[in-house]
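Colleague: Got a structure here, written out as structure tokens. Questions coming.
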Amino acid sequence: MGLGLLASRTLRSSSRIFHNNGPTTHFLRTITSTPDLNNADASAAAVQQPDLPPRTPVGGARVHFPNPEDAIEVFVDGYPVKIPKGMTVLQACEVAGVDIPRFCYHSRLSIAGNCRMCLVEVEKSPKPVASCAMPALPGMKIKTDTPIAKKAREGVMEFLLMNHPLDCPICDQGGECDLQDQSMAFGSDRGRFTEMKRSVVDKNLGPLVKTVMTRCIQCTRCVRFASEVAGVEDLGMLGRGSGEEIGTYVEKLMTSELSGNVIDICPVGALTSKPFAFKARNWELKGTESIDVTDAVGSNIRIDSRGPEVMRVVPRLNEDINEEWISDKTRFFYDGLKRQRLNDPMIRGPDGRFKAVTWRDALAIVAEVMHQIKPEEIVGVAGKLSDAESMMALKDLLNKMGSNNIFCEGNGMHPNADLRSGYIMNTGISGLEKADAFLLVGTQPRVEAAMVNARIRKTVKATNAKVGYVGPAADFNYDHQHLGTDPKTLVEIAEGRHPFSSALKNAKNPVIIVGAGVFERDDKDAVFAAVETIGKNNNVVRPDWNGLNVLLLNGAQAAALDLGLVPESDKCIESAKFVYLMGADDVSLDKLPDDAFVVYQGHHGDRGVYRANVILPASAFTEKEGIYENTEGCAQITLPAVPTVGDARDDWKIIRALSEVAGVGLPYDSLGAIRSRIRTVAPNLLELDERQPATFSTSLRPEVSQKVSETPFTPAVENFYMTDAITRASKIMAQCSALLRK
């Protein structure tokens, strides 16, 4: 029984005892006592301890002070925090170790402030404030745990759940849903809404993103991602009031190469993965931290598997490489891992058909043929997806057989592997954000390396950096100047006769990015010489800045050049009698003699199989441990997520076994031993997760007398969704490819 009720009853009873006959008026007043609301300061002061223990920031948040004089102090629940000027209240709370609930706020997107879930109480403010949009001011006293803040969040959650369907049992977001977590932590135990819930028509965004728009809470994260990061204005907010919904302005598909990231940032089950729909719950999956090798960026990923099958691929945070985004090819290629796989060793019979044999028989035949052929007629080709260990083993095997004709597809027959700065991205992927002028030479980053393109777009959007492009007509998602289609334009810029020369000259940190497609040109030395002249004339390379970059195409290219996979003869394929293809499917074998013996070692029955005499099944990158070096020279490691298929083996183990059968045994039996061998050739490959910059600049190269040709640059990637054996086997990538061609 409350004090107010007791007081009113006492007043009523006393009035009956002491009444008189004359007219009297009784003033009844109910007294309520709420000390936690009326005297919040006193209660906060009582709770505050003189020496508070240090708190751990949320998610390992770190504070960087560009200027120490700009530091301000605020108080979060009585705990003092020093933060830079310009930070929001929400960020200050994160530094203080207090996790504020939010739906619309995302650290990489602009502030919208429309979900109101992040309400906190600020001293001297008449009502709760949205912490994501409120800048923190010196001396501000922020209270995140008061009854007012709790009641405000409860009210917001009640409104959000008012029209939200109870789809949790059939929703793919179940178990990793922000709305579930926050309604449990901050919501009420009941709702007061009894009317009919509204429903919204689902939108068709293509084969990758599944929509159930009735679940949408209008946080606009997907709209802001599409326009700010992906650079496509495909999504928007339509209607007003209860008729408000997110959709495409006209009936169209989402065309971005980064569209799958809206699945990760959607806080509810409105946008989910279409290929993964109804396949598994997240608590059934085993997560394995690994690296993507479908391009040369080396995006950090987590492979979620159940039993022997890869169920989905999601990004991992790496600020230096992919931030927290991945391309659609990286996210959805995984179904290609279970199609067209090679299970058993096979030999082509006299009738042209393959028959399965044992490993002993297959290796014996390969070893016998190798000994019958002259060493200079033996050629080895490493594929796009080869790891450093297997390339080292293949090179050692061929060297022991007396041949040095080994190369990696994509690097061309005459790669300049002497100076490391001539084939890596010297600026680094994150270093591109410091640039204020870009010159793209024969490269289309949007299809060659989507995450590098996202960095360039981020820089252009933030600093209005100028972008010049030399190459075939291409679709960019930021402002650029198309300077020309052939290398003659580079000569004009080098001589200062082109209008874009002044933009490079006036830039503080200019960047030149050369596409790896240039490696296949006959005049590549002249092109690189012209680019280096531009670099010298415009201060692109200096002690504190190296803006001369090469953007590679494949995950194996950088490690292959580091390990010295350079053929002795550029006509080695034409004179070869024995060719060892280690996952190489895109190398041209048109000039190969008809009587040549071809061994194909790989994981998919792709293009290389059609010409093969012997097939040796290998494991894919999701099934083995291997080192890959990305385009900026950072070595990273893949880890096995699922078991190998059939009788397949790791690449280096197959080569080691073949060397034993051939009588030229290699001196290593384990990954540790083979990495010790790599340390003697390219020690930078063992410095994992650290970018190793080049020691010498390209200025040490000898003078080139070759002249540039007038042949225009050609696109290095014809189809973004199908670039290697795994993506070509993927049904999802085939659907995307069909839509791309429409």
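Chain labels A, B, ... are given in the sequence in which chains occur in the structure tokens; within each chain residues are numbered consecutively from 1, and ligands are likewise numbered from 1 in the order shown.
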Distance table requested - range 426-534 of chain A against range 676-692 of chain A, cut-off 12 Å, only C-alpha atoms: one row per qualifying residue with the closest atom pair and its distance in Å to one decimal, ordered by chain and rising residue number, as a Markdown table.

Modeller:
| residue | atom | partner | partner_atom | distance |
| --- | --- | --- | --- | --- |
| A:Asn426 | CA | A:Gln692 | CA | 9.4 |
| A:Thr427 | CA | A:Arg691 | CA | 10.5 |
| A:Gly428 | CA | A:Arg691 | CA | 8.0 |
| A:Ile429 | CA | A:Arg691 | CA | 10.2 |
| A:Ser430 | CA | A:Arg691 | CA | 11.1 |
| A:Gly431 | CA | A:Arg691 | CA | 11.6 |

Colleague: Need to verify the contact set: range 217-222 of chain A, 10 Å, only C-alpha atoms, exclusion of same-chain residues closer than 2 positions in sequence. Can you return it as a ChimeraX atom specification?

Modeller: /A:102-106,109-116,159-161,163-164,179,213-215,224-228,234-237,244-246,259,261-271

Colleague: Skipping near chain neighbours, those fewer than 5 positions away, what residues fall within 9 Å of Cys93 in chain A using only C-alpha atoms, listed as an MDAnalysis selection string?

Modeller: chainID A and resid 57:58 75:76 81 88 98:100 131 142 144

Colleague: Quote the spacing between CA of Asn509 in chain A and CA of Pro445 in chain A in Å to one decimal place.

Modeller: 19.4 Å

Colleague: Please provide as a VMD selection string all residues within 10 Å of Gly155 in chain A, with the sequence filter that same-chain residues fewer than 3 positions apart are discarded (counting only C-alpha atoms).

Modeller: chain A and resid 116 to 117 149 to 152 158 to 160 186 to 188 191

Colleague: Create the file for the chosen residues now, containing N, CA, C and O atoms and written as an mmCIF file, in the first residue's frame.

Modeller:
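Result went into part.cif, see below:
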data_model
loop_
_atom_site.group_PDB
_atom_site.id
_atom_site.type_symbol
_atom_site.label_atom_id
_atom_site.label_comp_id
_atom_site.auth_asym_id
_atom_site.auth_seq_id
_atom_site.Cartn_x
_atom_site.Cartn_y
_atom_site.Cartn_z
ATOM 1 N N ARG A 116 15.748 6.046 -32.800
ATOM 2 C CA ARG A 116 15.543 6.574 -31.429
ATOM 3 C C ARG A 116 15.788 5.533 -30.339
ATOM 4 O O ARG A 116 15.374 5.710 -29.193
ATOM 5 N N MET A 117 16.483 4.453 -30.673
ATOM 6 C CA MET A 117 16.729 3.412 -29.676
ATOM 7 C C MET A 117 17.865 3.799 -28.745
ATOM 8 O O MET A 117 17.995 3.260 -27.646
ATOM 9 N N ALA A 149 15.785 6.868 -19.033
ATOM 10 C CA ALA A 149 16.375 6.269 -20.234
ATOM 11 C C ALA A 149 15.784 4.886 -20.495
ATOM 12 O O ALA A 149 15.474 4.532 -21.640
ATOM 13 N N LYS A 150 15.603 4.118 -19.439
ATOM 14 C CA LYS A 150 15.049 2.772 -19.605
ATOM 15 C C LYS A 150 13.622 2.824 -20.133
ATOM 16 O O LYS A 150 13.236 2.059 -21.019
ATOM 17 N N LYS A 151 12.830 3.747 -19.602
ATOM 18 C CA LYS A 151 11.428 3.860 -20.028
ATOM 19 C C LYS A 151 11.346 4.334 -21.476
ATOM 20 O O LYS A 151 10.503 3.883 -22.250
ATOM 21 N N ALA A 152 12.270 5.234 -21.866
ATOM 22 C CA ALA A 152 12.284 5.730 -23.245
ATOM 23 C C ALA A 152 12.600 4.589 -24.218
ATOM 24 O O ALA A 152 11.943 4.430 -25.252
ATOM 25 N N GLU A 158 8.577 -0.801 -28.021
ATOM 26 C CA GLU A 158 7.159 -1.155 -28.172
ATOM 27 C C GLU A 158 6.631 -0.678 -29.521
ATOM 28 O O GLU A 158 5.894 -1.393 -30.206
ATOM 29 N N PHE A 159 7.051 0.517 -29.937
ATOM 30 C CA PHE A 159 6.635 1.034 -31.246
ATOM 31 C C PHE A 159 7.227 0.186 -32.386
ATOM 32 O O PHE A 159 6.558 -0.074 -33.384
ATOM 33 N N LEU A 160 8.493 -0.218 -32.234
ATOM 34 C CA LEU A 160 9.136 -1.003 -33.300
ATOM 35 C C LEU A 160 8.459 -2.357 -33.468
ATOM 36 O O LEU A 160 8.314 -2.858 -34.586
ATOM 37 N N PHE A 186 16.147 -4.710 -23.563
ATOM 38 C CA PHE A 186 15.631 -3.369 -23.263
ATOM 39 C C PHE A 186 14.115 -3.240 -23.422
ATOM 40 O O PHE A 186 13.563 -2.190 -23.126
ATOM 41 N N GLY A 187 13.455 -4.289 -23.925
ATOM 42 C CA GLY A 187 12.023 -4.173 -24.177
ATOM 43 C C GLY A 187 11.170 -4.480 -22.966
ATOM 44 O O GLY A 187 11.667 -4.908 -21.919
ATOM 45 N N SER A 188 9.868 -4.281 -23.108
ATOM 46 C CA SER A 188 8.914 -4.587 -22.044
ATOM 47 C C SER A 188 8.489 -6.047 -22.166
ATOM 48 O O SER A 188 8.799 -6.722 -23.141
ATOM 49 N N GLY A 191 2.945 -5.844 -24.796
ATOM 50 C CA GLY A 191 2.656 -4.723 -25.690
ATOM 51 C C GLY A 191 1.194 -4.344 -25.584
ATOM 52 O O GLY A 191 0.366 -5.144 -25.149
#

Colleague: Quick one: contact table of range 347-432 of chain A to range 618-632 of chain A, 6 Å max, nearest atom pair and distance in Å to one decimal per residue, counting only C-alpha atoms, chain and number order, as a Markdown table?

Modeller:
| residue | atom | partner | partner_atom | distance |
| --- | --- | --- | --- | --- |
| A:Asp387 | CA | A:Gly626 | CA | 5.4 |
| A:Ala388 | CA | A:Ile627 | CA | 5.5 |
| A:Ile424 | CA | A:Glu632 | CA | 5.3 |
| A:Met425 | CA | A:Glu632 | CA | 4.3 |
| A:Gly428 | CA | A:Glu632 | CA | 5.2 |

Colleague: According to DSSP computed on the backbone, where in range 253-361 of chain A is there strand (DSSP E or B)? Give the residues as an NGL selection string.

Modeller: :A and (271-273 or 286-291 or 300-306 or 309-315 or 318 or 323 or 341 or 346-348 or 354-356)

Colleague: Which residue gives the smallest distance to Gly663 in chain A among A:Ala364, A:Ala734, A:Asn477, A:Ile513, with only C-alpha atoms counted?

Modeller: A:Ala364

Colleague: Running DSSP on the backbone, which parts of range 640-728 of chain A land in alpha helix (DSSP H), as a ChimeraX atom specification?

Modeller: /A:651-661,671-681,725-728

Colleague: Please save N, CA and C atoms of the selected residues as a PDB file, in the first residue's frame.

Modeller:
ATOM      1  N   ASP A 651      48.087 -29.919 -52.359  1.00  0.00           N
ATOM      2  CA  ASP A 651      48.965 -29.767 -53.529  1.00  0.00           C
ATOM      3  C   ASP A 651      50.410 -30.142 -53.225  1.00  0.00           C
ATOM      4  N   TRP A 652      50.955 -29.593 -52.141  1.00  0.00           N
ATOM      5  CA  TRP A 652      52.377 -29.831 -51.865  1.00  0.00           C
ATOM      6  C   TRP A 652      52.647 -31.287 -51.518  1.00  0.00           C
ATOM      7  N   LYS A 653      51.656 -31.967 -50.927  1.00  0.00           N
ATOM      8  CA  LYS A 653      51.834 -33.385 -50.594  1.00  0.00           C
ATOM      9  C   LYS A 653      51.900 -34.238 -51.863  1.00  0.00           C
ATOM     10  N   ILE A 654      51.081 -33.881 -52.864  1.00  0.00           N
ATOM     11  CA  ILE A 654      51.100 -34.612 -54.137  1.00  0.00           C
ATOM     12  C   ILE A 654      52.480 -34.472 -54.793  1.00  0.00           C
ATOM     13  N   ILE A 655      52.992 -33.238 -54.804  1.00  0.00           N
ATOM     14  CA  ILE A 655      54.297 -32.986 -55.447  1.00  0.00           C
ATOM     15  C   ILE A 655      55.411 -33.695 -54.666  1.00  0.00           C
ATOM     16  N   ARG A 656      55.303 -33.687 -53.351  1.00  0.00           N
ATOM     17  CA  ARG A 656      56.305 -34.377 -52.522  1.00  0.00           C
ATOM     18  C   ARG A 656      56.294 -35.882 -52.805  1.00  0.00           C
ATOM     19  N   ALA A 657      55.096 -36.474 -52.927  1.00  0.00           N
ATOM     20  CA  ALA A 657      54.982 -37.902 -53.220  1.00  0.00           C
ATOM     21  C   ALA A 657      55.510 -38.210 -54.623  1.00  0.00           C
ATOM     22  N   LEU A 658      55.213 -37.327 -55.592  1.00  0.00           N
ATOM     23  CA  LEU A 658      55.696 -37.526 -56.963  1.00  0.00           C
ATOM     24  C   LEU A 658      57.223 -37.488 -57.017  1.00  0.00           C
ATOM     25  N   SER A 659      57.813 -36.575 -56.227  1.00  0.00           N
ATOM     26  CA  SER A 659      59.280 -36.481 -56.216  1.00  0.00           C
ATOM     27  C   SER A 659      59.905 -37.771 -55.684  1.00  0.00           C
ATOM     28  N   GLU A 660      59.235 -38.375 -54.710  1.00  0.00           N
ATOM     29  CA  GLU A 660      59.733 -39.633 -54.146  1.00  0.00           C
ATOM     30  C   GLU A 660      59.673 -40.755 -55.182  1.00  0.00           C
ATOM     31  N   VAL A 661      58.541 -40.845 -55.897  1.00  0.00           N
ATOM     32  CA  VAL A 661      58.366 -41.885 -56.918  1.00  0.00           C
ATOM     33  C   VAL A 661      59.360 -41.676 -58.059  1.00  0.00           C
ATOM     34  N   LEU A 671      54.506 -29.107 -43.292  1.00  0.00           N
ATOM     35  CA  LEU A 671      54.334 -27.678 -43.614  1.00  0.00           C
ATOM     36  C   LEU A 671      55.437 -26.849 -42.967  1.00  0.00           C
ATOM     37  N   GLY A 672      55.810 -27.203 -41.754  1.00  0.00           N
ATOM     38  CA  GLY A 672      56.874 -26.463 -41.067  1.00  0.00           C
ATOM     39  C   GLY A 672      58.185 -26.526 -41.830  1.00  0.00           C
ATOM     40  N   ALA A 673      58.501 -27.727 -42.358  1.00  0.00           N
ATOM     41  CA  ALA A 673      59.758 -27.889 -43.100  1.00  0.00           C
ATOM     42  C   ALA A 673      59.735 -27.131 -44.418  1.00  0.00           C
ATOM     43  N   ILE A 674      58.587 -27.151 -45.097  1.00  0.00           N
ATOM     44  CA  ILE A 674      58.505 -26.447 -46.383  1.00  0.00           C
ATOM     45  C   ILE A 674      58.550 -24.937 -46.158  1.00  0.00           C
ATOM     46  N   ARG A 675      58.046 -24.486 -45.018  1.00  0.00           N
ATOM     47  CA  ARG A 675      58.117 -23.044 -44.720  1.00  0.00           C
ATOM     48  C   ARG A 675      59.543 -22.635 -44.355  1.00  0.00           C
ATOM     49  N   SER A 676      60.290 -23.546 -43.793  1.00  0.00           N
ATOM     50  CA  SER A 676      61.708 -23.254 -43.555  1.00  0.00           C
ATOM     51  C   SER A 676      62.429 -23.062 -44.884  1.00  0.00           C
ATOM     52  N   ARG A 677      62.049 -23.848 -45.881  1.00  0.00           N
ATOM     53  CA  ARG A 677      62.606 -23.689 -47.234  1.00  0.00           C
ATOM     54  C   ARG A 677      62.183 -22.342 -47.827  1.00  0.00           C
ATOM     55  N   ILE A 678      60.920 -21.950 -47.611  1.00  0.00           N
ATOM     56  CA  ILE A 678      60.443 -20.643 -48.114  1.00  0.00           C
ATOM     57  C   ILE A 678      61.225 -19.510 -47.462  1.00  0.00           C
ATOM     58  N   ARG A 679      61.583 -19.680 -46.188  1.00  0.00           N
ATOM     59  CA  ARG A 679      62.319 -18.624 -45.480  1.00  0.00           C
ATOM     60  C   ARG A 679      63.648 -18.303 -46.163  1.00  0.00           C
ATOM     61  N   THR A 680      64.265 -19.296 -46.802  1.00  0.00           N
ATOM     62  CA  THR A 680      65.544 -19.053 -47.485  1.00  0.00           C
ATOM     63  C   THR A 680      65.352 -18.334 -48.821  1.00  0.00           C
ATOM     64  N   VAL A 681      64.127 -18.379 -49.381  1.00  0.00           N
ATOM     65  CA  VAL A 681      63.864 -17.780 -50.696  1.00  0.00           C
ATOM     66  C   VAL A 681      63.153 -16.432 -50.551  1.00  0.00           C
ATOM     67  N   ALA A 725      38.266 -21.408 -61.456  1.00  0.00           N
ATOM     68  CA  ALA A 725      37.602 -22.711 -61.525  1.00  0.00           C
ATOM     69  C   ALA A 725      36.435 -22.823 -60.550  1.00  0.00           C
ATOM     70  N   ILE A 726      36.571 -22.246 -59.350  1.00  0.00           N
ATOM     71  CA  ILE A 726      35.504 -22.374 -58.346  1.00  0.00           C
ATOM     72  C   ILE A 726      34.297 -21.532 -58.746  1.00  0.00           C
ATOM     73  N   THR A 727      34.526 -20.281 -59.147  1.00  0.00           N
ATOM     74  CA  THR A 727      33.401 -19.409 -59.496  1.00  0.00           C
ATOM     75  C   THR A 727      32.711 -19.871 -60.779  1.00  0.00           C
ATOM     76  N   ARG A 728      33.471 -20.484 -61.696  1.00  0.00           N
ATOM     77  CA  ARG A 728      32.838 -20.984 -62.925  1.00  0.00           C
ATOM     78  C   ARG A 728      31.954 -22.198 -62.647  1.00  0.00           C
TER      79      ARG A 728
END

Colleague: Determine, counting only C-alpha atoms, which protein, DNA and RNA residues have an atom within 6 Å of an atom of Thr288 in chain A; residues of the same chain fewer than 3 positions away are not included. Present the result as a list of chain:residue names.

Modeller: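 Returned residues: A:Arg302, A:Ile303, A:Ala641.
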
Colleague: Could you tell me how far CA of Gln557 in chain A sits from CA of Ser290 in chain A, in Å to one decimal place?

Modeller: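 Between these atoms lies a distance of 18.7 Å.
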
Colleague: Near Asn300 in chain A, within 12 Å and counting only C-alpha atoms, which residues show up once chain neighbours fewer than 3 positions away are dropped, as number ranges by chain?

Modeller: A: 288-297, 303, 313-327, 330-331, 451, 628, 630, 634-639, 689

Colleague: Quick one: everything within 6 Å of Val381 in chain A, counting only C-alpha atoms, minus sequence neighbours fewer than 5 positions away in the same chain. Send it as a VMD selection string.

Modeller: chain A and resid 406 to 408 581

Colleague: Output C-alpha atoms of each residue in that selection to a file, as a compact mmCIF listing (two decimals), in the first residue's frame.

Modeller:
# COMPACT_ATOMS: atom_id res chain seq x y z
CA ILE A 406 57.88 -22.51 -64.36
CA PHE A 407 55.52 -19.56 -64.17
CA CYS A 408 52.20 -18.46 -62.67
CA LEU A 581 49.33 -27.72 -64.68

Colleague: Given only C-alpha atoms as the basis, pick out the residue of A:Ile512, A:Leu205, A:Leu483, A:Val441 nearest to Ala716 in chain A.

Modeller: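 Of all the options, A:Val441 lies closest to Ala716 in chain A.
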
Colleague: When distances are computed from only C-alpha atoms, which of A:Pro715, A:Arg607, A:Met254, A:Tyr423 shows the smallest separation from Thr443 in chain A?

Modeller: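 Smallest separation from Thr443 in chain A among the options: A:Pro715.
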
Colleague: Point out the residue among A:Asp525, A:Thr56, A:Ala136, A:Gly547 with the least atom-to-atom distance to Glu73 in chain A, counting only C-alpha atoms.

Modeller: A:Ala136
